[in-house]
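Listing of query-v4.txt, compact mmCIF, C-alpha atoms and all ligand atoms
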# COMPACT_ATOMS: atom_id res chain seq x y z
CA MET W 1 7.25 20.04 25.86
CA LYS W 2 9.65 21.84 23.51
CA CYS W 3 10.76 21.14 19.95
CA THR W 4 14.08 19.30 20.06
CA VAL W 5 15.26 21.28 17.02
CA CYS W 6 14.20 24.90 17.71
CA LYS W 7 12.86 24.91 21.33
CA ALA W 8 9.48 26.34 20.23
CA PRO W 9 6.40 24.65 21.79
CA ALA W 10 6.18 21.09 20.47
CA VAL W 11 3.00 19.58 18.95
CA ILE W 12 4.09 15.94 18.94
CA ASP W 13 6.53 13.62 20.69
CA ILE W 14 8.03 10.65 18.90
CA ARG W 15 9.28 8.22 21.48
CA ARG W 16 11.25 6.01 19.12
CA HIS W 17 13.29 9.08 18.11
CA ASN W 18 13.35 10.26 21.71
CA ALA W 19 12.39 13.72 20.39
CA ASN W 20 9.60 16.32 20.25
CA PHE W 21 8.75 18.55 17.31
CA CYS W 22 6.97 21.83 16.55
CA ALA W 23 4.66 21.78 13.51
CA GLU W 24 7.29 23.07 11.10
CA HIS W 25 9.98 20.64 12.17
CA PHE W 26 7.56 17.72 12.34
CA LEU W 27 6.44 18.31 8.73
CA ARG W 28 10.08 18.58 7.75
CA LEU W 29 10.83 15.30 9.55
CA CYS W 30 8.03 13.54 7.60
CA ARG W 31 9.38 14.79 4.27
CA ASP W 32 12.96 13.91 5.26
CA GLN W 33 11.93 10.37 6.22
CA VAL W 34 10.26 9.92 2.82
CA VAL W 35 13.33 11.31 1.04
CA LYS W 36 15.52 8.88 3.00
CA ALA W 37 13.29 5.89 2.20
CA ILE W 38 13.24 6.81 -1.51
CA LYS W 39 17.02 7.17 -1.56
CA ASP W 40 17.94 4.14 0.57
CA PHE W 41 15.78 1.77 -1.45
CA THR W 42 16.08 3.52 -4.86
CA MET W 43 12.30 3.87 -5.08
CA ILE W 44 11.61 6.72 -7.53
CA GLU W 45 13.69 8.55 -10.14
CA PRO W 46 12.98 12.27 -10.70
CA SER W 47 11.78 11.60 -14.27
CA ASP W 48 9.40 8.74 -13.30
CA ARG W 49 5.67 9.04 -13.90
CA VAL W 50 4.18 8.11 -10.53
CA LEU W 51 0.75 6.68 -9.79
CA VAL W 52 -0.40 6.82 -6.15
CA ALA W 53 -3.03 4.31 -5.00
CA VAL W 54 -5.42 6.57 -3.10
CA SER W 55 -8.03 5.19 -0.70
CA GLY W 56 -9.22 8.44 0.91
CA GLY W 57 -7.43 7.47 4.14
CA LYS W 58 -4.65 9.40 5.85
CA ASP W 59 -1.67 7.43 4.55
CA SER W 60 -2.43 7.53 0.84
CA LEU W 61 -3.43 11.21 0.85
CA ALA W 62 -0.36 12.12 2.89
CA VAL W 63 2.06 10.24 0.63
CA TRP W 64 0.54 11.88 -2.45
CA ASP W 65 0.89 15.30 -0.77
CA ILE W 66 4.50 14.67 0.23
CA LEU W 67 5.53 13.37 -3.22
CA VAL W 68 4.07 16.40 -5.00
CA GLU W 69 5.76 18.69 -2.41
CA LEU W 70 9.03 16.95 -3.22
CA GLY W 71 8.54 17.71 -6.92
CA TYR W 72 7.49 14.30 -8.30
CA GLN W 73 4.94 14.05 -11.14
CA ALA W 74 2.32 12.05 -9.26
CA ASP W 75 -1.28 11.28 -10.23
CA GLY W 76 -3.77 9.42 -8.02
CA LEU W 77 -5.84 6.31 -8.62
CA TYR W 78 -9.01 5.59 -6.64
CA LEU W 79 -10.69 2.18 -6.77
CA GLY W 80 -14.42 1.98 -6.04
CA LEU W 81 -14.81 -1.34 -4.23
CA GLY W 82 -18.55 -1.15 -3.64
CA ILE W 83 -18.26 -1.43 0.16
CA GLY W 84 -21.47 0.50 0.95
CA ASP W 85 -21.28 3.87 2.71
CA TYR W 86 -17.56 3.38 3.38
CA SER W 87 -16.76 3.41 -0.35
CA ASP W 88 -19.05 6.39 -0.96
CA ALA W 89 -17.40 8.42 1.81
CA SER W 90 -13.82 7.43 0.94
CA GLY W 91 -14.39 8.22 -2.76
CA GLU W 92 -15.67 11.67 -1.83
CA MET W 93 -12.58 12.32 0.31
CA ALA W 94 -10.23 11.30 -2.48
CA ARG W 95 -12.11 13.38 -5.09
CA ALA W 96 -12.28 16.47 -2.88
CA PHE W 97 -8.56 16.24 -2.06
CA ALA W 98 -7.59 16.00 -5.75
CA HIS W 99 -10.10 18.64 -6.87
CA ASP W 100 -8.99 21.22 -4.25
CA ARG W 101 -5.41 20.93 -5.46
CA GLY W 102 -6.12 20.54 -9.19
CA TRP W 103 -4.37 17.16 -9.24
CA LYS W 104 -5.32 14.30 -11.57
CA LEU W 105 -7.28 11.43 -10.01
CA LEU W 106 -8.00 8.33 -12.12
CA GLU W 107 -10.93 6.17 -11.04
CA VAL W 108 -11.84 2.53 -11.58
CA ASP W 109 -15.17 1.28 -10.27
CA LEU W 110 -15.22 -2.47 -9.61
CA PRO W 111 -19.04 -2.91 -9.65
CA THR W 112 -19.51 -0.86 -12.85
CA GLU W 113 -16.53 -2.21 -14.74
CA HIS W 114 -16.36 -5.80 -13.54
CA GLY W 115 -19.88 -6.55 -12.33
CA PHE W 116 -19.34 -7.26 -8.63
CA ASP W 117 -18.69 -5.49 -5.34
CA ILE W 118 -16.35 -6.82 -2.65
CA PRO W 119 -18.96 -8.04 -0.11
CA THR W 120 -21.13 -9.99 -2.57
CA GLY W 121 -18.24 -11.03 -4.81
CA ALA W 122 -16.27 -12.42 -1.87
CA LYS W 123 -19.28 -14.40 -0.67
CA ALA W 124 -19.98 -15.84 -4.12
CA ALA W 125 -16.33 -16.78 -4.57
CA ARG W 126 -16.16 -18.18 -1.00
CA ARG W 127 -13.25 -15.95 -0.09
CA VAL W 128 -12.88 -13.72 2.95
CA PRO W 129 -13.57 -10.11 1.87
CA CYS W 130 -10.00 -8.88 2.44
CA SER W 131 -8.62 -11.68 0.28
CA ALA W 132 -10.96 -10.89 -2.64
CA CYS W 133 -10.30 -7.19 -2.10
CA GLY W 134 -6.51 -7.47 -1.91
CA LEU W 135 -6.41 -9.59 -5.05
CA SER W 136 -8.69 -7.15 -6.92
CA LYS W 137 -6.73 -4.11 -5.79
CA ARG W 138 -3.39 -5.58 -6.85
CA HIS W 139 -4.76 -6.51 -10.25
CA LEU W 140 -6.49 -3.19 -10.92
CA PHE W 141 -3.54 -1.11 -9.70
CA ASP W 142 -1.16 -3.04 -11.96
CA GLU W 143 -3.51 -2.73 -14.91
CA ALA W 144 -4.04 1.02 -14.43
CA ALA W 145 -0.29 1.62 -14.17
CA ARG W 146 0.36 -0.51 -17.27
CA THR W 147 -2.31 1.08 -19.45
CA GLY W 148 -1.57 4.61 -18.19
CA GLY W 149 2.17 4.30 -18.91
CA TYR W 150 3.24 4.90 -15.30
CA ASP W 151 6.72 3.82 -14.20
CA VAL W 152 5.98 3.34 -10.54
CA LEU W 153 3.00 2.56 -8.33
CA VAL W 154 3.07 4.07 -4.83
CA THR W 155 1.07 2.73 -1.90
CA GLY W 156 0.63 4.38 1.49
CA HIS W 157 1.75 1.43 3.64
CA ASN W 158 3.40 2.81 6.76
CA LEU W 159 5.75 1.30 9.35
CA ASP W 160 2.85 0.03 11.49
CA ASP W 161 1.33 -1.76 8.47
CA GLU W 162 4.59 -3.35 7.38
CA ALA W 163 5.58 -4.42 10.89
CA ALA W 164 2.13 -6.00 11.43
CA VAL W 165 2.22 -7.86 8.11
CA LEU W 166 5.74 -9.07 8.89
CA PHE W 167 4.64 -10.17 12.36
CA GLY W 168 1.76 -12.20 10.88
CA ASN W 169 3.98 -13.76 8.22
CA VAL W 170 6.60 -14.74 10.80
CA LEU W 171 4.05 -16.12 13.26
CA HIS W 172 2.74 -18.44 10.54
CA TRP W 173 6.09 -18.84 8.70
CA GLN W 174 4.60 -17.80 5.39
CA THR W 175 7.93 -17.89 3.62
CA ASP W 176 6.56 -17.05 0.16
CA TYR W 177 5.07 -13.83 1.54
CA LEU W 178 8.27 -13.07 3.45
CA GLY W 179 10.15 -13.20 0.14
CA ARG W 180 7.91 -10.50 -1.28
CA GLN W 181 7.71 -8.19 1.73
CA LEU W 182 10.02 -5.46 0.50
CA PRO W 183 9.64 -1.67 0.32
CA VAL W 184 10.41 -1.89 -3.42
CA LEU W 185 9.31 -4.58 -5.84
CA PRO W 186 11.13 -4.07 -9.13
CA ALA W 187 9.21 -3.74 -12.40
CA ARG W 188 8.70 -6.99 -14.34
CA PRO W 189 6.85 -7.65 -17.58
CA GLY W 190 3.23 -6.73 -16.85
CA PHE W 191 3.99 -5.20 -13.45
CA PRO W 192 5.05 -1.64 -12.61
CA ARG W 193 7.68 -1.01 -9.92
CA LYS W 194 5.88 -0.89 -6.57
CA VAL W 195 7.14 1.24 -3.72
CA LYS W 196 6.19 2.17 -0.16
CA PRO W 197 7.73 5.56 0.67
CA LEU W 198 6.08 5.77 4.13
CA VAL W 199 7.90 2.77 5.64
CA ARG W 200 9.90 5.01 7.96
CA LEU W 201 6.77 6.74 9.39
CA GLY W 202 4.14 5.39 11.79
CA GLU W 203 0.36 5.57 11.81
CA ARG W 204 0.20 8.25 14.50
CA GLU W 205 2.66 10.40 12.58
CA MET W 206 0.61 10.16 9.39
CA ALA W 207 -2.56 11.21 11.23
CA ALA W 208 -0.67 14.19 12.72
CA TYR W 209 0.76 15.07 9.29
CA CYS W 210 -2.76 15.24 7.81
CA VAL W 211 -4.09 17.37 10.67
CA LEU W 212 -1.19 19.81 10.41
CA ARG W 213 -1.48 20.03 6.61
CA GLY W 214 -5.29 20.48 6.75
CA ILE W 215 -5.94 17.22 4.87
CA ASP W 216 -9.44 15.76 5.41
CA TYR W 217 -9.36 11.98 5.35
CA ILE W 218 -11.74 9.16 6.11
CA VAL W 219 -11.25 8.23 9.75
CA GLU W 220 -13.54 5.17 9.87
CA GLU W 221 -11.97 1.81 9.24
CA CYS W 222 -13.35 -0.30 6.41
CA PRO W 223 -16.24 -2.31 7.94
CA MET W 224 -14.81 -5.49 6.40
CA ALA W 225 -11.68 -5.13 8.55
CA ALA W 226 -13.52 -5.74 11.84
CA GLY W 227 -12.01 -8.70 13.63
CA ASN W 228 -9.36 -9.43 11.00
CA ARG W 229 -6.04 -10.84 12.15
CA HIS W 230 -4.06 -7.88 10.88
CA LEU W 231 -5.69 -5.55 13.44
CA GLY W 232 -4.84 -8.05 16.20
CA TYR W 233 -1.18 -8.05 15.13
CA LYS W 234 -1.17 -4.24 15.18
CA ASP W 235 -2.59 -4.21 18.72
CA ALA W 236 0.02 -6.73 19.88
CA LEU W 237 2.87 -4.68 18.40
CA ASN W 238 1.45 -1.46 19.90
CA ALA W 239 1.53 -3.10 23.34
CA ILE W 240 5.19 -4.05 22.83
CA GLU W 241 6.08 -0.62 21.41
CA ALA W 242 4.54 1.07 24.48
CA VAL W 243 7.06 -0.62 26.78
CA SER W 244 9.91 -0.71 24.27
CA PRO W 245 9.82 2.27 21.85
CA GLY W 246 11.54 1.56 18.54
CA THR W 247 10.70 -2.15 18.48
CA LYS W 248 8.54 -1.95 15.35
CA HIS W 249 11.28 -0.11 13.51
CA ASP W 250 13.97 -2.57 14.61
CA PHE W 251 11.77 -5.55 13.78
CA TYR W 252 10.98 -4.39 10.25
CA PHE W 253 14.30 -2.81 9.27
CA GLY W 254 16.23 -5.64 10.96
CA PHE W 255 14.30 -8.10 8.79
CA LEU W 256 15.13 -6.12 5.64
CA ALA W 257 18.82 -5.87 6.53
CA ARG W 258 19.42 -9.35 7.90
CA ALA W 259 16.77 -11.83 6.86
CA SER W 260 14.68 -10.89 3.82
CA GLU W 261 17.29 -12.13 1.33
CA LEU W 262 16.91 -15.65 2.70
CA PHE W 263 13.38 -15.77 1.34
CA THR W 264 13.70 -14.09 -2.08
CA PRO W 265 15.20 -16.96 -4.21
CA ALA W 266 12.00 -19.04 -3.98
CA VAL W 267 9.92 -16.08 -5.13
CA ALA W 268 12.29 -15.38 -8.04
CA ALA W 269 11.99 -19.01 -9.17
CA GLU W 270 8.20 -18.77 -9.03
CA GLN W 271 8.23 -15.64 -11.18
CA GLU W 272 10.22 -17.39 -13.90
CA LEU W 273 7.20 -19.58 -14.53
CA LEU W 274 4.70 -16.79 -15.16
CA GLN W 275 2.80 -16.70 -18.43
CA VAL W 276 0.18 -14.25 -19.71
CA CYS W 277 -3.51 -14.48 -18.73
CA ALA W 278 -5.39 -15.59 -21.82
CA ARG W 279 -8.22 -13.17 -21.11
CA CYS W 280 -6.72 -9.96 -19.71
CA GLY W 281 -2.99 -10.21 -20.41
CA ALA W 282 -1.88 -10.00 -16.75
CA PRO W 283 1.05 -12.22 -15.67
CA THR W 284 -0.14 -15.47 -14.10
CA PRO W 285 1.12 -18.97 -13.28
CA GLY W 286 -1.97 -20.56 -14.90
CA GLU W 287 -4.05 -19.94 -18.03
CA LEU W 288 -6.43 -17.49 -16.39
CA CYS W 289 -5.20 -15.03 -13.75
CA ALA W 290 -6.61 -15.09 -10.23
CA PHE W 291 -8.59 -11.90 -10.87
CA CYS W 292 -10.33 -13.25 -13.99
CA ARG W 293 -11.18 -16.43 -12.05
CA LEU W 294 -12.57 -14.29 -9.21
CA VAL W 295 -14.69 -12.30 -11.72
CA ASP W 296 -16.12 -15.56 -13.08
CA ARG W 297 -17.05 -16.85 -9.64
CA ALA W 298 -18.24 -13.51 -8.26
CA THR W 299 -20.50 -12.83 -11.23
CA ASP W 300 -21.57 -16.45 -11.54
CA ARG W 301 -20.27 -16.46 -15.05
CA GLU W 302 -19.50 -19.77 -16.76
CA PRO W 303 -15.73 -19.93 -17.04
CA VAL W 304 -14.73 -19.38 -20.67
CA PRO W 305 -12.66 -22.36 -21.81
CA VAL W 306 -9.19 -21.38 -22.73
CA SER W 307 -7.27 -23.66 -25.00
CA LEU W 308 -3.82 -22.14 -24.98
CA GLY W 309 -2.04 -19.98 -22.45
CA ARG W 310 0.53 -17.63 -23.99
CA ARG W 311 4.00 -17.10 -22.69
CA PRO W 312 5.26 -13.54 -22.40
CA GLY W 313 7.20 -12.54 -25.51
S1 LIG Y 1 -10.17 -3.92 5.11
FE1 LIG Y 1 -10.22 -5.60 3.65
S2 LIG Y 1 -12.07 -5.28 2.44
FE2 LIG Y 1 -11.63 -3.34 3.48
S3 LIG Y 1 -10.43 -2.14 2.00
FE3 LIG Y 1 -8.97 -3.27 3.32
S4 LIG Y 1 -8.55 -5.18 2.21
FE4 LIG Y 1 -10.40 -4.27 1.32
ZN ZN Y 2 10.90 23.33 15.84
ZN ZN Y 3 -6.81 -12.18 -16.26

Is it possible to express this structure as structure tokens?
Amino acid sequence: MKCTVCKAPAVIDIRRHNANFCAEHFLRLCRDQVVKAIKDFTMIEPSDRVLVAVSGGKDSLAVWDILVELGYQADGLYLGLGIGDYSDASGEMARAFAHDRGWKLLEVDLPTEHGFDIPTGAKAARRVPCSACGLSKRHLFDEAARTGGYDVLVTGHNLDDEAAVLFGNVLHWQTDYLGRQLPVLPARPGFPRKVKPLVRLGEREMAAYCVLRGIDYIVEECPMAAGNRHLGYKDALNAIEAVSPGTKHDFYFGFLARASELFTPAVAAEQELLQVCARCGAPTPGELCAFCRLVDRATDREPVPVSLGRRPG
């Protein structure tokens, strides 16, 4: 197997590109795909202060690495979710990565700062763990970007993630989620711009990128993910991709080009109605935001009565 670009021995084949790459040209391809995603969707300006949500997994460490290589001013943010050994090990990976490179890693610890961890909090609030976790992560990422003065929040969602989420949302016709499933969500009062620069790269490519760049990442999946629907959607799409390379890409980018606009007006109307959480200041449709309500339930705290919700000024 030879590199399609330079004919040196190849280290990876990418069937959807119908091409093979040596290490040098594969790393270049990864960077070029990120540059293209940033340009096509106007994700990041050169002067932006960038905050990367870092989990210790391959995608978030790789996207941080690529953005710094490309010259962006990017700091990391690690959230301690209190998911037993998994959180301990992923935190160590994120810290070691940042420390070895002298890069700035912010940390927020959910149990220390908000009094609950994901497994017990989810149970107390009668939510599935990934729902409590997703809600907490969104809230804490937004808050950290807001208070740290960052212009843009980067997540490491790759093509496999986005295609699987889209697949699930289409199977269940979750039109409100379809209206939000974009590689860029513009900044709004209380929210930073949110971008996904890895949407043109797959899971296997990100693992190969980390190996070739010598990046140690946590390989184990979060134990809370076992049996969740998202993994089933990924398996189903992998089976289709195996017989029809390029399907995930066509599915996701076809949606963005031809269908996503159909679902955005409803979301825009919903956003008009947001006010400010009376306790923490986050945007919310009610008086207390979903995160503050989760904290109350997860910590068994009596909800604090709130007389007046404020509208954003
Ligand atoms: S799998 Fe679920 S619980 Fe685990 S980190 Fe992801 S969203 Fe959180
Ligand atoms: Zn080559
Ligand atoms: Zn709140």

Using all atoms listed in the file, find each residue of chain W with at least one atom at most 10 Å away from an atom of ligand ZN 2 (chain Y); report its shortest atom-to-atom pair and that distance in Å (one decimal), sort the rows by chain and rising residue number, and return the result as a Markdown table.
| residue | atom | partner | partner_atom | distance |
| --- | --- | --- | --- | --- |
| W:Lys2 | CA | Y:ZN2 | ZN | 7.9 |
| W:Cys3 | CA | Y:ZN2 | ZN | 4.7 |
| W:Thr4 | CA | Y:ZN2 | ZN | 6.6 |
| W:Val5 | CA | Y:ZN2 | ZN | 5.0 |
| W:Cys6 | CA | Y:ZN2 | ZN | 4.1 |
| W:Lys7 | CA | Y:ZN2 | ZN | 6.0 |
| W:Ala8 | CA | Y:ZN2 | ZN | 5.5 |
| W:Pro9 | CA | Y:ZN2 | ZN | 7.6 |
| W:Ala10 | CA | Y:ZN2 | ZN | 7.0 |
| W:Val11 | CA | Y:ZN2 | ZN | 9.3 |
| W:Asn20 | CA | Y:ZN2 | ZN | 8.4 |
| W:Phe21 | CA | Y:ZN2 | ZN | 5.4 |
| W:Cys22 | CA | Y:ZN2 | ZN | 4.3 |
| W:Ala23 | CA | Y:ZN2 | ZN | 6.8 |
| W:Glu24 | CA | Y:ZN2 | ZN | 6.0 |
| W:His25 | CA | Y:ZN2 | ZN | 4.6 |
| W:Phe26 | CA | Y:ZN2 | ZN | 7.4 |
| W:Leu27 | CA | Y:ZN2 | ZN | 9.8 |
| W:Arg28 | CA | Y:ZN2 | ZN | 9.4 |

### stretch 192-197 of chain W surroundings by all atoms listed in the file, 7 Å radius, close-in-sequence under 2 positions cut, as a PyMOL selection string
chain W and resi 34+37-38+43+142+145-146+151-157+183-188+190+199

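Contacts with ligand LIG 1 (chain Y) are defined as any residue atom within 9 Å of a ligand atom, using only C-alpha atoms and all ligand atoms; the residues meeting this criterion are W:Ser55, W:Leu81, W:Ile83, W:Tyr86, W:Ser87, W:Ile118, W:Pro119, W:Val128, W:Pro129, W:Cys130, W:Ser131, W:Ala132, W:Cys133, W:Gly134, W:Leu135, W:Ser136, W:Lys137, W:Glu221, W:Cys222, W:Pro223, W:Met224, W:Ala225, W:Ala226, W:Asn228.
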
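Pocket residues of ligand ZN 3 (chain Y), taken as those with any atom at most 6 Å away using all atoms listed in the file, are Cys277, Arg279, Cys280, Gly281, Ala282, Leu288, Cys289, Phe291 and Cys292 of chain W.
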
Edge lengths and centre, in Å to one decimal, as AutoDock Vina command-line options: that's what I need for the box along x, y and z that holds all listed atoms of stretch 136-141 of chain W plus 6 Å on each side.
--center_x -6.0 --center_y -4.1 --center_z -8.4 --size_x 17.3 --size_y 18.0 --size_z 17.1

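Once W:Ala164 and its same-chain neighbours fewer than 6 positions away are set aside, Val170, Arg229, His230, Leu231, Gly232, Tyr233, Lys234, Asp235, Ala236, Leu237, Asn238, Lys248, Phe251 and Tyr252 of chain W remain within 10 Å of it when counting all atoms listed in the file.
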
Please produce an output containing C-alpha atoms for each residue in the selection, written as a PDB file, in the frame of the given file.
ATOM      1  CA  VAL W 170       6.600 -14.740  10.800  1.00  0.00           C
ATOM      2  CA  ARG W 229      -6.040 -10.840  12.150  1.00  0.00           C
ATOM      3  CA  HIS W 230      -4.060  -7.880  10.880  1.00  0.00           C
ATOM      4  CA  LEU W 231      -5.690  -5.550  13.440  1.00  0.00           C
ATOM      5  CA  GLY W 232      -4.840  -8.050  16.200  1.00  0.00           C
ATOM      6  CA  TYR W 233      -1.180  -8.050  15.130  1.00  0.00           C
ATOM      7  CA  LYS W 234      -1.170  -4.240  15.180  1.00  0.00           C
ATOM      8  CA  ASP W 235      -2.590  -4.210  18.720  1.00  0.00           C
ATOM      9  CA  ALA W 236       0.020  -6.730  19.880  1.00  0.00           C
ATOM     10  CA  LEU W 237       2.870  -4.680  18.400  1.00  0.00           C
ATOM     11  CA  ASN W 238       1.450  -1.460  19.900  1.00  0.00           C
ATOM     12  CA  LYS W 248       8.540  -1.950  15.350  1.00  0.00           C
ATOM     13  CA  PHE W 251      11.770  -5.550  13.780  1.00  0.00           C
ATOM     14  CA  TYR W 252      10.980  -4.390  10.250  1.00  0.00           C
TER      15      TYR W 252
END

### Query
Which protein, DNA or RNA residues have an atom at most 12 Å from (7.4, -15.4, -18.5), counting all atoms listed in the file? List them as a ChimeraX atom specification.
/W:188-191,268-277,281-286,309-313

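Minimum atom-to-atom distances from W:Gly91, W:Gly76, W:Gly102, W:Pro265 to W:Leu178 were compared using all atoms listed in the file, and the lowest value belongs to W:Pro265.
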
### Task
Identify, on the basis of only C-alpha atoms, every residue whose closest approach to W:Ala98 does not exceed 10 Å; exclude the query and any residue fewer than 4 positions from it along the same chain; express the result as number ranges by chain.
W: 61, 64-65, 75-76, 92-94, 102-106

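Nearest-residue note for W:His249: choosing from W:Arg15, W:His139, W:Arg200, W:Arg49, the minimum distance belongs to W:Arg200, counting all atoms listed in the file.
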
If I only have part of stretch 167-182 of chain W, can you fill in N, CA and C atoms and write it as a PDB file, in the frame of the given file?
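rebuild28.pdb written:
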ATOM      1  N   PHE W 167       4.932  -9.411  11.133  1.00  0.00           N
ATOM      2  CA  PHE W 167       4.640 -10.170  12.360  1.00  0.00           C
ATOM      3  C   PHE W 167       3.747 -11.372  12.026  1.00  0.00           C
ATOM      4  N   GLY W 168       2.683 -11.116  11.264  1.00  0.00           N
ATOM      5  CA  GLY W 168       1.760 -12.200  10.880  1.00  0.00           C
ATOM      6  C   GLY W 168       2.467 -13.252  10.035  1.00  0.00           C
ATOM      7  N   ASN W 169       3.292 -12.806   9.094  1.00  0.00           N
ATOM      8  CA  ASN W 169       3.980 -13.760   8.220  1.00  0.00           C
ATOM      9  C   ASN W 169       5.004 -14.591   8.978  1.00  0.00           C
ATOM     10  N   VAL W 170       5.632 -13.991   9.995  1.00  0.00           N
ATOM     11  CA  VAL W 170       6.600 -14.740  10.800  1.00  0.00           C
ATOM     12  C   VAL W 170       5.867 -15.708  11.732  1.00  0.00           C
ATOM     13  N   LEU W 171       4.778 -15.230  12.334  1.00  0.00           N
ATOM     14  CA  LEU W 171       4.050 -16.120  13.260  1.00  0.00           C
ATOM     15  C   LEU W 171       3.599 -17.394  12.556  1.00  0.00           C
ATOM     16  N   HIS W 172       3.243 -17.270  11.283  1.00  0.00           N
ATOM     17  CA  HIS W 172       2.740 -18.440  10.540  1.00  0.00           C
ATOM     18  C   HIS W 172       3.785 -18.978   9.555  1.00  0.00           C
ATOM     19  N   TRP W 173       4.991 -18.438   9.599  1.00  0.00           N
ATOM     20  CA  TRP W 173       6.090 -18.840   8.700  1.00  0.00           C
ATOM     21  C   TRP W 173       5.629 -18.939   7.254  1.00  0.00           C
ATOM     22  N   GLN W 174       5.026 -17.847   6.789  1.00  0.00           N
ATOM     23  CA  GLN W 174       4.600 -17.800   5.390  1.00  0.00           C
ATOM     24  C   GLN W 174       5.776 -17.321   4.549  1.00  0.00           C
ATOM     25  N   THR W 175       6.652 -18.271   4.223  1.00  0.00           N
ATOM     26  CA  THR W 175       7.930 -17.890   3.620  1.00  0.00           C
ATOM     27  C   THR W 175       7.775 -17.270   2.235  1.00  0.00           C
ATOM     28  N   ASP W 176       6.723 -17.673   1.486  1.00  0.00           N
ATOM     29  CA  ASP W 176       6.560 -17.050   0.160  1.00  0.00           C
ATOM     30  C   ASP W 176       6.197 -15.575   0.311  1.00  0.00           C
ATOM     31  N   TYR W 177       5.384 -15.246   1.314  1.00  0.00           N
ATOM     32  CA  TYR W 177       5.070 -13.830   1.540  1.00  0.00           C
ATOM     33  C   TYR W 177       6.297 -13.083   2.067  1.00  0.00           C
ATOM     34  N   LEU W 178       7.074 -13.743   2.913  1.00  0.00           N
ATOM     35  CA  LEU W 178       8.270 -13.070   3.450  1.00  0.00           C
ATOM     36  C   LEU W 178       9.226 -12.682   2.316  1.00  0.00           C
ATOM     37  N   GLY W 179       9.272 -13.495   1.277  1.00  0.00           N
ATOM     38  CA  GLY W 179      10.150 -13.200   0.140  1.00  0.00           C
ATOM     39  C   GLY W 179       9.689 -12.018  -0.681  1.00  0.00           C
ATOM     40  N   ARG W 180       8.440 -11.626  -0.500  1.00  0.00           N
ATOM     41  CA  ARG W 180       7.910 -10.500  -1.280  1.00  0.00           C
ATOM     42  C   ARG W 180       7.748  -9.245  -0.429  1.00  0.00           C
ATOM     43  N   GLN W 181       7.995  -9.343   0.870  1.00  0.00           N
ATOM     44  CA  GLN W 181       7.710  -8.190   1.730  1.00  0.00           C
ATOM     45  C   GLN W 181       8.854  -7.193   1.735  1.00  0.00           C
ATOM     46  N   LEU W 182       8.936  -6.415   0.665  1.00  0.00           N
ATOM     47  CA  LEU W 182      10.020  -5.460   0.500  1.00  0.00           C
ATOM     48  C   LEU W 182       9.438  -4.077   0.241  1.00  0.00           C
TER      49      LEU W 182
END
